[in-house]
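Have a look at upload-v9.cif below; it lists mmCIF, C-alpha atoms.
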data_model
loop_
_atom_site.label_atom_id
_atom_site.label_comp_id
_atom_site.auth_asym_id
_atom_site.auth_seq_id
_atom_site.Cartn_x
_atom_site.Cartn_y
_atom_site.Cartn_z
CA MET L 1 -20.41 22.39 37.80
CA SER L 2 -19.16 25.97 37.36
CA THR L 3 -16.96 27.08 34.48
CA ASP L 4 -13.94 27.70 36.76
CA THR L 5 -14.23 24.25 38.33
CA ARG L 6 -14.50 22.54 34.93
CA ASP L 7 -11.46 24.43 33.58
CA HIS L 8 -9.45 23.48 36.67
CA THR L 9 -10.41 19.81 36.29
CA GLU L 10 -9.42 19.73 32.60
CA ALA L 11 -6.08 21.45 33.29
CA THR L 12 -5.32 18.99 36.08
CA ALA L 13 -6.12 16.01 33.84
CA ALA L 14 -3.90 17.37 31.08
CA ALA L 15 -1.01 17.91 33.50
CA GLU L 16 -1.18 14.44 35.03
CA PRO L 17 0.78 11.63 33.36
CA ALA L 18 -1.16 9.27 31.13
CA GLU L 19 -2.42 6.06 32.69
CA PRO L 20 -0.48 2.87 31.91
CA GLY L 21 -3.41 1.57 29.90
CA ALA L 22 -3.40 4.64 27.67
CA ASP L 23 0.21 4.00 26.65
CA ARG L 24 -0.71 0.44 25.72
CA VAL L 25 -3.60 1.73 23.63
CA ARG L 26 -1.41 4.14 21.71
CA ARG L 27 1.43 1.67 21.15
CA PRO L 28 -0.34 -0.48 18.49
CA SER L 29 -0.77 2.61 16.33
CA ARG L 30 3.01 2.96 16.18
CA ARG L 31 3.30 -0.65 15.11
CA ALA L 32 0.45 -0.43 12.63
CA PRO L 33 2.67 0.26 9.56
CA LEU L 34 4.87 -2.73 10.43
CA ILE L 35 1.86 -5.01 10.89
CA VAL L 36 0.30 -3.83 7.63
CA GLY L 37 3.60 -4.29 5.81
CA LEU L 38 4.07 -7.82 7.12
CA ALA L 39 0.50 -8.68 6.19
CA MET L 40 1.06 -7.42 2.66
CA VAL L 41 4.28 -9.43 2.31
CA VAL L 42 2.51 -12.59 3.48
CA ALA L 43 -0.38 -11.95 1.09
CA VAL L 44 1.97 -11.38 -1.86
CA ALA L 45 3.98 -14.49 -0.95
CA CYS L 46 0.79 -16.58 -1.08
CA LEU L 47 -0.29 -15.40 -4.53
CA PRO L 48 1.49 -18.23 -6.44
CA LEU L 49 -0.51 -20.71 -4.38
CA LEU L 50 -3.86 -19.09 -5.22
CA ASP L 51 -6.06 -18.90 -8.29
CA VAL L 52 -6.61 -15.14 -8.52
CA SER L 53 -7.33 -13.47 -11.85
CA VAL L 54 -7.34 -9.74 -12.59
CA PRO L 55 -8.54 -9.31 -16.20
CA GLY L 56 -6.75 -6.55 -18.05
CA ALA L 57 -3.96 -6.25 -15.47
CA LEU L 58 -2.55 -9.78 -15.31
CA PRO L 59 -2.03 -12.14 -18.26
CA GLY L 60 -3.61 -15.03 -16.33
CA ALA L 61 -4.20 -16.50 -12.89
CA THR L 62 -1.59 -15.78 -10.25
CA TYR L 63 -0.34 -19.39 -10.21
CA THR L 64 0.57 -19.37 -13.93
CA PRO L 65 4.24 -18.88 -14.94
CA GLY L 66 3.49 -15.81 -17.10
CA THR L 67 1.81 -13.93 -14.28
CA MET L 68 4.42 -14.92 -11.71
CA HIS L 69 7.16 -13.75 -14.09
CA LEU L 70 5.44 -10.38 -14.54
CA LEU L 71 4.93 -9.92 -10.80
CA ALA L 72 8.54 -10.91 -10.09
CA LEU L 73 9.68 -8.31 -12.63
CA CYS L 74 7.49 -5.72 -10.87
CA MET L 75 9.18 -6.52 -7.56
CA ILE L 76 12.66 -6.33 -9.07
CA TYR L 77 11.90 -2.93 -10.57
CA GLY L 78 10.33 -1.91 -7.26
CA ALA L 79 13.60 -2.72 -5.50
CA LEU L 80 15.52 -0.76 -8.16
CA ALA L 81 13.20 2.23 -7.67
CA LEU L 82 13.93 2.08 -3.92
CA THR L 83 17.66 2.39 -4.59
CA TYR L 84 17.04 5.36 -6.86
CA HIS L 85 14.80 6.82 -4.16
CA LEU L 86 17.82 6.65 -1.84
CA VAL L 87 19.93 8.63 -4.31
CA TYR L 88 17.33 11.12 -5.55
CA GLY L 89 14.49 11.20 -3.04
CA VAL L 90 16.66 11.14 0.10
CA ALA L 91 20.02 12.59 -0.94
CA GLY L 92 18.66 14.87 -3.69
CA MET L 93 21.26 13.72 -6.23
CA LEU L 94 19.85 13.56 -9.77
CA SER L 95 21.84 10.72 -11.33
CA PHE L 96 21.54 9.69 -14.98
CA GLY L 97 23.90 6.75 -14.53
CA HIS L 98 22.16 4.52 -11.99
CA ALA L 99 21.63 1.85 -14.65
CA LEU L 100 25.40 1.32 -14.73
CA TYR L 101 25.36 -0.62 -11.43
CA PHE L 102 22.27 -2.62 -12.32
CA ALA L 103 23.94 -3.64 -15.59
CA ALA L 104 27.26 -4.29 -13.81
CA GLY L 105 25.52 -6.80 -11.56
CA ALA L 106 23.71 -8.56 -14.42
CA TYR L 107 26.64 -8.60 -16.86
CA GLY L 108 29.21 -9.29 -14.16
CA LEU L 109 27.41 -12.38 -12.87
CA ALA L 110 26.73 -13.64 -16.40
CA ILE L 111 30.40 -13.29 -17.39
CA VAL L 112 31.74 -14.92 -14.21
CA LEU L 113 29.37 -17.88 -14.54
CA GLN L 114 30.20 -18.28 -18.22
CA ARG L 115 33.98 -17.94 -17.93
CA THR L 116 34.60 -19.79 -14.65
CA ASP L 117 33.40 -22.81 -12.70
CA MET L 118 32.44 -20.80 -9.61
CA PRO L 119 29.20 -21.70 -7.81
CA LEU L 120 26.43 -19.11 -7.98
CA LEU L 121 26.84 -17.82 -4.42
CA ILE L 122 30.62 -17.31 -4.68
CA ALA L 123 30.26 -15.66 -8.08
CA ALA L 124 27.57 -13.32 -6.70
CA VAL L 125 29.78 -12.30 -3.77
CA LEU L 126 32.70 -11.60 -6.13
CA VAL L 127 30.51 -9.45 -8.40
CA LEU L 128 29.09 -7.63 -5.38
CA VAL L 129 32.58 -6.71 -4.16
CA ALA L 130 33.42 -5.40 -7.63
CA ALA L 131 30.18 -3.41 -7.65
CA ILE L 132 31.09 -1.79 -4.32
CA ALA L 133 34.44 -0.71 -5.79
CA LEU L 134 32.77 0.57 -8.99
CA ALA L 135 30.08 2.56 -7.15
CA THR L 136 32.63 4.05 -4.75
CA LEU L 137 34.99 5.05 -7.57
CA VAL L 138 32.27 6.60 -9.74
CA GLY L 139 30.77 8.35 -6.72
CA ALA L 140 34.13 9.72 -5.58
CA VAL L 141 34.63 11.34 -8.99
CA SER L 142 31.05 12.44 -9.65
CA LEU L 143 30.49 14.03 -6.25
CA ARG L 144 33.30 16.49 -6.84
CA VAL L 145 30.61 18.49 -8.66
CA SER L 146 26.92 19.01 -8.00
CA GLY L 147 23.65 19.84 -9.73
CA VAL L 148 23.56 19.50 -13.50
CA SER L 149 27.30 18.81 -13.62
CA PHE L 150 26.84 15.80 -11.34
CA ALA L 151 24.05 14.48 -13.56
CA MET L 152 26.24 14.85 -16.66
CA VAL L 153 29.22 13.10 -15.08
CA THR L 154 27.11 10.13 -14.02
CA LEU L 155 25.61 10.05 -17.52
CA ALA L 156 29.10 9.94 -19.02
CA PHE L 157 30.05 6.93 -16.90
CA ALA L 158 26.81 5.16 -17.80
CA GLN L 159 27.29 5.83 -21.51
CA ALA L 160 30.81 4.42 -21.31
CA GLY L 161 29.42 1.24 -19.78
CA ASN L 162 26.74 1.08 -22.48
CA VAL L 163 29.35 1.40 -25.22
CA ILE L 164 31.41 -1.41 -23.68
CA ALA L 165 28.33 -3.64 -23.55
CA ARG L 166 27.28 -2.88 -27.13
CA ARG L 167 30.73 -3.12 -28.73
CA ASN L 168 31.41 -6.52 -27.15
CA LEU L 169 34.95 -5.60 -26.12
CA GLY L 170 37.02 -8.72 -25.64
CA GLY L 171 34.07 -10.88 -26.60
CA TYR L 172 32.66 -10.79 -23.08
CA SER L 173 29.34 -8.93 -23.34
CA GLY L 174 27.85 -10.47 -26.47
CA GLY L 175 27.25 -7.15 -28.24
CA GLU L 176 23.71 -6.16 -29.23
CA GLU L 177 22.38 -9.66 -28.57
CA GLY L 178 23.57 -9.62 -24.97
CA ILE L 179 24.87 -12.51 -22.94
CA GLY L 180 22.89 -15.51 -21.70
CA LEU L 181 22.89 -17.12 -18.28
CA ALA L 182 25.19 -20.15 -18.03
CA THR L 183 23.18 -22.54 -15.87
CA ALA L 184 25.86 -25.18 -15.23
CA ASN L 185 26.61 -23.84 -11.72
CA VAL L 186 23.17 -22.41 -10.99
CA PRO L 187 20.89 -24.47 -8.70
CA ASP L 188 18.16 -26.30 -10.60
CA ALA L 189 15.53 -24.67 -8.40
CA LEU L 190 16.29 -21.31 -10.06
CA VAL L 191 16.33 -22.51 -13.67
CA GLY L 192 13.45 -23.11 -16.05
CA VAL L 193 9.82 -22.13 -16.40
CA VAL L 194 8.73 -24.79 -13.91
CA ASN L 195 10.72 -22.97 -11.22
CA THR L 196 9.22 -19.52 -11.87
CA ARG L 197 7.54 -19.74 -8.47
CA ASN L 198 10.95 -19.94 -6.78
CA MET L 199 12.15 -16.90 -8.71
CA TYR L 200 8.99 -15.07 -7.67
CA TRP L 201 9.75 -15.71 -4.00
CA LEU L 202 13.41 -14.77 -4.52
CA ALA L 203 12.32 -11.44 -6.04
CA LEU L 204 10.00 -10.86 -3.06
CA ILE L 205 12.81 -11.57 -0.59
CA LEU L 206 15.06 -9.18 -2.50
CA LEU L 207 12.41 -6.44 -2.38
CA VAL L 208 11.93 -6.86 1.37
CA VAL L 209 15.70 -6.83 2.04
CA VAL L 210 16.23 -3.72 -0.08
CA TYR L 211 13.30 -1.99 1.62
CA VAL L 212 14.71 -2.79 5.07
CA VAL L 213 18.20 -1.57 4.13
CA VAL L 214 16.90 1.65 2.55
CA THR L 215 14.69 2.31 5.58
CA TRP L 216 17.59 1.70 7.96
CA VAL L 217 19.87 4.03 5.99
CA GLN L 218 17.21 6.73 5.76
CA ARG L 219 16.45 6.60 9.49
CA SER L 220 20.10 6.45 10.57
CA ARG L 221 22.14 9.48 11.56
CA ALA L 222 23.83 9.40 8.17
CA GLY L 223 20.42 9.44 6.49
CA HIS L 224 19.34 12.46 8.50
CA VAL L 225 22.58 14.25 7.62
CA VAL L 226 22.24 13.54 3.90
CA GLU L 227 18.63 14.78 3.97
CA ALA L 228 19.77 17.94 5.72
CA THR L 229 22.55 18.33 3.14
CA ARG L 230 19.94 18.18 0.41
CA GLU L 231 18.11 21.10 2.04
CA ASN L 232 21.06 23.24 3.21
CA GLU L 233 24.61 22.02 2.71
CA MET L 234 26.22 25.10 4.25
CA ARG L 235 24.34 24.61 7.52
CA VAL L 236 25.49 21.00 7.69
CA ARG L 237 29.11 22.10 7.21
CA VAL L 238 28.72 24.67 9.97
CA LEU L 239 27.47 21.91 12.29
CA GLY L 240 30.76 20.06 11.70
CA GLN L 241 29.50 17.28 9.43
CA ALA L 242 31.15 16.04 6.20
CA PRO L 243 28.54 16.19 3.39
CA TYR L 244 30.87 14.71 0.77
CA LEU L 245 31.58 11.52 2.72
CA ILE L 246 27.93 11.05 3.70
CA ARG L 247 26.80 11.49 0.11
CA LEU L 248 29.49 9.10 -1.11
CA LEU L 249 28.36 6.47 1.40
CA THR L 250 24.74 6.85 0.30
CA PHE L 251 25.73 6.71 -3.36
CA ALA L 252 27.82 3.57 -2.84
CA ILE L 253 25.08 1.78 -0.89
CA ALA L 254 22.51 2.54 -3.59
CA GLY L 255 24.87 1.37 -6.33
CA THR L 256 25.71 -1.86 -4.49
CA LEU L 257 22.03 -2.65 -3.94
CA ALA L 258 21.34 -1.94 -7.62
CA ALA L 259 24.04 -4.45 -8.60
CA ALA L 260 22.46 -7.12 -6.38
CA ILE L 261 19.12 -6.40 -8.03
CA GLY L 262 20.75 -6.72 -11.45
CA MET L 263 22.01 -10.20 -10.55
CA THR L 264 18.48 -11.26 -9.59
CA TYR L 265 17.22 -9.78 -12.84
CA LEU L 266 19.69 -11.97 -14.74
CA LEU L 267 18.39 -15.09 -12.98
CA LEU L 268 14.79 -14.15 -13.82
CA GLN L 269 15.34 -13.12 -17.44
CA SER L 270 18.21 -15.57 -18.16
CA GLN L 271 19.90 -12.86 -20.23
CA ALA L 272 21.56 -9.46 -19.94
CA VAL L 273 21.12 -7.03 -22.84
CA PRO L 274 22.68 -3.59 -23.49
CA THR L 275 19.40 -1.71 -22.92
CA ILE L 276 19.71 -2.20 -19.15
CA SER L 277 22.89 -0.10 -19.19
CA SER L 278 21.43 2.83 -21.14
CA ALA L 279 20.44 6.27 -19.88
CA GLU L 280 16.86 5.48 -20.90
CA PHE L 281 16.80 2.72 -18.32
CA THR L 282 17.86 5.17 -15.59
CA ILE L 283 15.17 7.59 -16.77
CA GLN L 284 12.63 4.79 -16.33
CA ALA L 285 13.75 4.44 -12.70
CA LEU L 286 13.37 8.21 -12.30
CA ILE L 287 9.86 8.06 -13.75
CA MET L 288 8.95 5.26 -11.32
CA VAL L 289 10.06 7.36 -8.35
CA VAL L 290 8.30 10.51 -9.55
CA LEU L 291 5.16 8.58 -10.48
CA GLY L 292 4.97 7.02 -7.03
CA GLY L 293 5.98 10.15 -5.16
CA VAL L 294 9.45 11.58 -4.55
CA GLY L 295 10.59 10.97 -0.98
CA SER L 296 8.26 8.03 -0.31
CA ARG L 297 9.54 4.45 -0.07
CA TRP L 298 6.11 2.94 -0.59
CA GLY L 299 5.60 5.44 -3.39
CA ALA L 300 8.71 4.20 -5.19
CA ILE L 301 7.40 0.63 -5.06
CA MET L 302 3.91 1.62 -6.19
CA GLY L 303 5.34 3.72 -9.00
CA ALA L 304 7.52 0.83 -10.19
CA VAL L 305 4.63 -1.65 -10.12
CA THR L 306 2.33 0.78 -11.93
CA PHE L 307 4.92 1.63 -14.57
CA THR L 308 5.87 -2.01 -15.19
CA MET L 309 2.25 -3.17 -15.38
CA LEU L 310 1.35 -0.39 -17.79
CA ASN L 311 4.46 -0.93 -19.88
CA GLN L 312 3.67 -4.63 -20.24
CA ARG L 313 -0.10 -4.47 -20.66
CA LEU L 314 -0.17 -1.40 -22.94
CA SER L 315 1.91 -3.36 -25.44
CA VAL L 316 -0.89 -5.93 -25.55
CA LEU L 317 -3.49 -3.17 -25.85
CA ALA L 318 -1.60 -1.51 -28.70
CA SER L 319 -1.81 -4.65 -30.84
CA SER L 320 -5.42 -5.48 -29.94
CA GLU L 321 -8.34 -5.43 -32.35
CA ALA L 322 -10.01 -2.65 -30.37
CA VAL L 323 -7.16 -0.25 -31.17
CA GLU L 324 -6.90 -1.43 -34.78
CA GLY L 325 -10.54 -0.46 -35.32
CA LEU L 326 -10.10 3.14 -34.14
CA PRO L 327 -9.87 6.10 -36.54
CA THR L 328 -6.36 6.94 -37.70
CA VAL L 329 -6.12 10.04 -35.52
CA LEU L 330 -6.63 7.85 -32.42
CA ARG L 331 -5.16 4.56 -33.63
CA ILE L 332 -1.64 5.89 -34.25
CA PRO L 333 -1.05 7.35 -30.72
CA MET L 334 -2.93 4.52 -29.01
CA SER L 335 -0.70 1.96 -30.73
CA GLU L 336 2.38 3.51 -29.08
CA PRO L 337 2.71 2.47 -25.40
CA ALA L 338 5.38 5.14 -24.83
CA PHE L 339 2.90 7.85 -25.90
CA ILE L 340 0.27 6.64 -23.42
CA LEU L 341 2.84 6.30 -20.62
CA GLY L 342 4.15 9.80 -21.33
CA THR L 343 0.65 11.24 -21.25
CA LEU L 344 -0.12 9.54 -17.94
CA PHE L 345 3.17 10.78 -16.49
CA ILE L 346 2.35 14.38 -17.49
CA LEU L 347 -1.11 14.09 -15.92
CA VAL L 348 0.37 12.78 -12.67
CA VAL L 349 2.93 15.59 -12.52
CA LEU L 350 0.25 18.21 -13.18
CA PHE L 351 -2.54 16.95 -10.95
CA LEU L 352 -0.72 14.75 -8.39
CA PRO L 353 2.46 16.67 -7.46
CA GLY L 354 3.18 14.16 -4.69
CA GLY L 355 2.64 11.20 -7.00
CA ILE L 356 0.49 8.21 -6.13
CA ALA L 357 1.69 8.13 -2.52
CA GLY L 358 1.01 11.86 -2.10
CA GLY L 359 -2.52 11.48 -3.45
CA LEU L 360 -3.29 8.58 -1.13
CA ARG L 361 -1.75 10.46 1.81
CA ARG L 362 -3.97 13.48 1.17
CA VAL L 363 -7.06 11.29 0.99
CA ALA L 364 -6.10 9.50 4.22
CA THR L 365 -5.39 12.82 5.93
CA ARG L 366 -8.82 14.14 5.07
CA VAL L 367 -10.52 10.95 6.21
CA VAL L 368 -8.61 10.41 9.46
CA GLY L 369 -8.10 14.03 10.45
CA GLY L 370 -5.55 16.24 8.77
CA LYS L 371 -4.33 18.40 11.62
CA GLY L 372 -3.09 15.54 13.77
CA ALA L 373 -1.19 13.92 10.89
CA ALA L 374 0.36 17.23 9.85
CA GLN L 375 1.48 17.93 13.40
CA ARG L 376 3.07 14.47 13.67
CA ARG L 377 5.01 15.04 10.45
CA LYS L 378 6.28 18.40 11.73
CA ALA L 379 7.30 16.76 15.01
CA ARG L 380 9.27 14.10 13.12
CA GLU L 381 11.07 16.80 11.12
CA ARG L 382 11.99 18.63 14.33
CA ARG L 383 13.39 15.43 15.84
CA ARG L 384 15.52 14.85 12.75
CA LEU L 385 16.99 18.34 12.96
CA GLU L 386 17.70 17.84 16.67
CA GLU L 387 19.51 14.55 15.98
CA ILE L 388 21.66 16.21 13.31
CA ALA L 389 22.54 19.10 15.62
#
Go ahead and express the file in the form of structure tokens.
Amino acid sequence: MSTDTRDHTEATAAAEPAEPGADRVRRPSRRAPLIVGLAMVVAVACLPLLDVSVPGALPGATYTPGTMHLLALCMIYGALALTYHLVYGVAGMLSFGHALYFAAGAYGLAIVLQRTDMPLLIAAVLVLVAAIALATLVGAVSLRVSGVSFAMVTLAFAQAGNVIARRNLGGYSGGEEGIGLATANVPDALVGVVNTRNMYWLALILLVVVYVVVTWVQRSRAGHVVEATRENEMRVRVLGQAPYLIRLLTFAIAGTLAAAIGMTYLLLQSQAVPTISSAEFTIQALIMVVLGGVGSRWGAIMGAVTFTMLNQRLSVLASSEAVEGLPTVLRIPMSEPAFILGTLFILVVLFLPGGIAGGLRRVATRVVGGKGAAQRRKARERRRLEEIA
């Protein structure tokens, strides 16, 4: 076959529409992330029914209460990191007061259950409505400024909430000791060590719901607008959009979700303490998002799980005989989990700018074929800009 004939044949094939079978072949690839995600959820849901041990990472087999409690805590913090991803990774708003809503959910539910005879579900709905009002009010005030000023205003609100919790105003919060969970109106299936498996599954359901809501918000028109506002607010205004209202909506949704997560945290821990309302707690959420990869939902979850696992297991390592036997110059820093976590965080920022998710994405891109993946990402960005316009 001559060169001209071959070129003509290839051009004709490229111009013709794809065969019906080809579309069916490509379609599973679009559903692949959903299938993988569902498979992971099913696998995680089955862990309490299995005897799986991971020495050094888990305190025991996956069916033991201690391990289920740790994994449930990882999922709760993963859900919290997703809400902070919505504020920081999507909207680009650096908030130092995100812990306020988490604490409002935990403390609010504890106070309502202790002071009233409301059933758990009604009390949770009441606290959630109050959380919506709180997040909307704080957001309406804070979003009048931007940048560092926004961060400082949110920090001021969070510090005010922390002071209220610590000072035990009106005898509601319990002061430094916190407030316990009144179990009189809580279903028996959610109380006690023997029911840790139920709390594990509740935490998993919460994580899935939060992930779905965050994904829906991020892929909606409002999500595209808030992402565009993060990049160029003036252009969004020129296009006739209202950046303030879109940011306020995103801020309120993230705060409301954080309050719901705080209520689940109360059920798991059976206590709310002032540390969950501090700025340090918000910084932990920020570290989780950065560690996993800013802008990635899966990265936020992976960062939260990694941070929580390390925070829990490094405390055990710090008090182990292996560390006690080290020379003083090594024993002192190795006995401080915060020092090790800080060092790991610095290494990730220096050598993995995209966090854990970014590192895995680069490896996958090299393995599968980088140009095609890069072109698909650029095409998605163009579609987002077209939807905004």
When the PyMOL selection byres ((chain L and resi 80-90) around 7) is applied to the file above, which residues end up in the set, as a short mmCIF file (atom, residue, chain, number, x, y, z; two decimals) with C-alpha atoms, in the frame of the given file?
data_model
loop_
_atom_site.label_atom_id
_atom_site.label_comp_id
_atom_site.auth_asym_id
_atom_site.auth_seq_id
_atom_site.Cartn_x
_atom_site.Cartn_y
_atom_site.Cartn_z
CA ILE L 76 12.66 -6.33 -9.07
CA TYR L 77 11.90 -2.93 -10.57
CA GLY L 78 10.33 -1.91 -7.26
CA ALA L 79 13.60 -2.72 -5.50
CA ALA L 91 20.02 12.59 -0.94
CA GLY L 92 18.66 14.87 -3.69
CA MET L 93 21.26 13.72 -6.23
CA LEU L 94 19.85 13.56 -9.77
CA TYR L 211 13.30 -1.99 1.62
CA VAL L 214 16.90 1.65 2.55
CA GLU L 227 18.63 14.78 3.97
CA THR L 250 24.74 6.85 0.30
CA PHE L 251 25.73 6.71 -3.36
CA ALA L 254 22.51 2.54 -3.59
CA LEU L 257 22.03 -2.65 -3.94
CA ALA L 258 21.34 -1.94 -7.62
CA ILE L 261 19.12 -6.40 -8.03
CA ALA L 285 13.75 4.44 -12.70
CA MET L 288 8.95 5.26 -11.32
CA VAL L 289 10.06 7.36 -8.35
CA VAL L 294 9.45 11.58 -4.55
CA GLY L 295 10.59 10.97 -0.98
CA ARG L 297 9.54 4.45 -0.07
CA ALA L 300 8.71 4.20 -5.19
CA ILE L 301 7.40 0.63 -5.06
CA ALA L 304 7.52 0.83 -10.19
#
- Which one is closest to L:Gly178: L:Ala272, L:Leu121, L:Val52, L:Met263? Count all atoms listed in the file. L:Ala272
Kindly resolve the PyMOL selection byres ((chain L and resi 265) around 10) on the present coordinates and return the residues as an mmCIF file with C-alpha atoms, keeping the file's coordinate frame.
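Just written: expr-v1.cif:
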data_model
loop_
_atom_site.group_PDB
_atom_site.id
_atom_site.type_symbol
_atom_site.label_atom_id
_atom_site.label_comp_id
_atom_site.auth_asym_id
_atom_site.auth_seq_id
_atom_site.Cartn_x
_atom_site.Cartn_y
_atom_site.Cartn_z
ATOM 1 C CA ALA L 72 8.540 -10.910 -10.090
ATOM 2 C CA LEU L 73 9.680 -8.310 -12.630
ATOM 3 C CA ILE L 76 12.660 -6.330 -9.070
ATOM 4 C CA TYR L 77 11.900 -2.930 -10.570
ATOM 5 C CA PHE L 102 22.270 -2.620 -12.320
ATOM 6 C CA ALA L 103 23.940 -3.640 -15.590
ATOM 7 C CA GLY L 105 25.520 -6.800 -11.560
ATOM 8 C CA ALA L 106 23.710 -8.560 -14.420
ATOM 9 C CA MET L 199 12.150 -16.900 -8.710
ATOM 10 C CA ALA L 203 12.320 -11.440 -6.040
ATOM 11 C CA ALA L 259 24.040 -4.450 -8.600
ATOM 12 C CA ALA L 260 22.460 -7.120 -6.380
ATOM 13 C CA ILE L 261 19.120 -6.400 -8.030
ATOM 14 C CA GLY L 262 20.750 -6.720 -11.450
ATOM 15 C CA MET L 263 22.010 -10.200 -10.550
ATOM 16 C CA THR L 264 18.480 -11.260 -9.590
ATOM 17 C CA LEU L 266 19.690 -11.970 -14.740
ATOM 18 C CA LEU L 267 18.390 -15.090 -12.980
ATOM 19 C CA LEU L 268 14.790 -14.150 -13.820
ATOM 20 C CA GLN L 269 15.340 -13.120 -17.440
ATOM 21 C CA SER L 270 18.210 -15.570 -18.160
ATOM 22 C CA GLN L 271 19.900 -12.860 -20.230
ATOM 23 C CA ALA L 272 21.560 -9.460 -19.940
#
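Residue nearest L:Asn162 within the list L:Leu291, L:Leu248, L:Leu100, L:Met75: L:Leu100 [criterion: smallest interatomic distance, only C-alpha atoms].
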- Message: I'd like to know which of L:Leu207, L:Ala133, L:Leu190, L:Cys74 is closest to L:Phe307, using all atoms listed in the file.
- Response: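 Among the listed residues, L:Cys74 lies closest to L:Phe307.
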Dump as a Markdown table the rows for residues of stretch 208-308 of chain L within 8 Å of stretch 138-158 of chain L: closest atom pair and distance in Å with one decimal, all atoms listed in the file counted, ordered by chain and rising residue number.
| residue | atom | partner | partner_atom | distance |
| --- | --- | --- | --- | --- |
| L:Tyr244 | CA | L:Leu143 | CA | 7.1 |
| L:Arg247 | CA | L:Leu143 | CA | 7.8 |
| L:Leu248 | CA | L:Gly139 | CA | 5.8 |
| L:Phe251 | CA | L:Gly139 | CA | 6.3 |
| L:Ala252 | CA | L:Gly139 | CA | 6.8 |
| L:Ser277 | CA | L:Ala158 | CA | 6.7 |
| L:Ser278 | CA | L:Ala158 | CA | 6.7 |
| L:Ala279 | CA | L:Ala158 | CA | 6.8 |
- Take the point (25.8, -10.8, -18.7) in the file's coordinates, draw a sphere of radius 6 Å around it, and report as a PyMOL selection string every protein, DNA or RNA residue with an atom inside or on it, counting all atoms listed in the file. chain L and resi 106-108+110-111+179+272
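Atom CA of L:Pro337 sits 8.9 Å away from atom CA of L:Arg313.
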- Item | Shortest interatomic distance to L:Ser220 - which of L:Ile246, L:Gly240, L:Ala131, L:Thr308, counting only C-alpha atoms | L:Ile246
- Determine, counting all atoms listed in the file, which protein, DNA and RNA residues have an atom within 10 Å of an atom of stretch 56-60 of chain L; residues of the same chain fewer than 5 positions away are not included. Present the result as a list in words.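 Contacts, in chain order: Asp51, Pro65, Gly66, Thr67, Met68, Leu70, Leu71, Met309, Leu310, Gln312, Arg313, Leu314, Val316 and Leu317 of chain L.
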- Message: Counting all atoms listed in the file, which residue out of L:Asn168, L:Asn232, L:Thr62, L:Thr116 sits closest to L:Cys46?
- Response: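 Going through L:Asn168, L:Asn232, L:Thr62, L:Thr116 one by one, the smallest distance to L:Cys46 is for L:Thr62.
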Filled-in N, CA and C atoms of stretch 181-192 of chain L, supplied as an mmCIF file, in the frame of the given file:
data_model
loop_
_atom_site.group_PDB
_atom_site.id
_atom_site.type_symbol
_atom_site.label_atom_id
_atom_site.label_comp_id
_atom_site.auth_asym_id
_atom_site.auth_seq_id
_atom_site.Cartn_x
_atom_site.Cartn_y
_atom_site.Cartn_z
ATOM 1 N N LEU L 181 22.533 -16.574 -19.582
ATOM 2 C CA LEU L 181 22.890 -17.120 -18.280
ATOM 3 C C LEU L 181 23.391 -18.549 -18.442
ATOM 4 N N ALA L 182 24.639 -18.793 -18.025
ATOM 5 C CA ALA L 182 25.190 -20.150 -18.030
ATOM 6 C C ALA L 182 24.679 -20.870 -16.786
ATOM 7 N N THR L 183 23.893 -21.893 -16.986
ATOM 8 C CA THR L 183 23.180 -22.540 -15.870
ATOM 9 C C THR L 183 23.923 -23.732 -15.258
ATOM 10 N N ALA L 184 25.156 -23.997 -15.715
ATOM 11 C CA ALA L 184 25.860 -25.180 -15.230
ATOM 12 C C ALA L 184 26.051 -25.152 -13.711
ATOM 13 N N ASN L 185 26.360 -23.964 -13.156
ATOM 14 C CA ASN L 185 26.610 -23.840 -11.720
ATOM 15 C C ASN L 185 25.496 -23.123 -10.979
ATOM 16 N N VAL L 186 24.330 -23.025 -11.632
ATOM 17 C CA VAL L 186 23.170 -22.410 -10.990
ATOM 18 C C VAL L 186 22.265 -23.524 -10.459
ATOM 19 N N PRO L 187 21.773 -23.422 -9.234
ATOM 20 C CA PRO L 187 20.890 -24.470 -8.700
ATOM 21 C C PRO L 187 19.686 -24.709 -9.608
ATOM 22 N N ASP L 188 19.287 -25.952 -9.731
ATOM 23 C CA ASP L 188 18.160 -26.300 -10.600
ATOM 24 C C ASP L 188 16.877 -25.617 -10.176
ATOM 25 N N ALA L 189 16.747 -25.298 -8.910
ATOM 26 C CA ALA L 189 15.530 -24.670 -8.400
ATOM 27 C C ALA L 189 15.331 -23.257 -8.939
ATOM 28 N N LEU L 190 16.379 -22.670 -9.530
ATOM 29 C CA LEU L 190 16.290 -21.310 -10.060
ATOM 30 C C LEU L 190 16.348 -21.278 -11.579
ATOM 31 N N VAL L 191 16.204 -22.418 -12.219
ATOM 32 C CA VAL L 191 16.330 -22.510 -13.670
ATOM 33 C C VAL L 191 15.058 -23.115 -14.248
ATOM 34 N N GLY L 192 14.572 -22.523 -15.326
ATOM 35 C CA GLY L 192 13.450 -23.110 -16.050
ATOM 36 C C GLY L 192 12.112 -22.503 -15.691
#
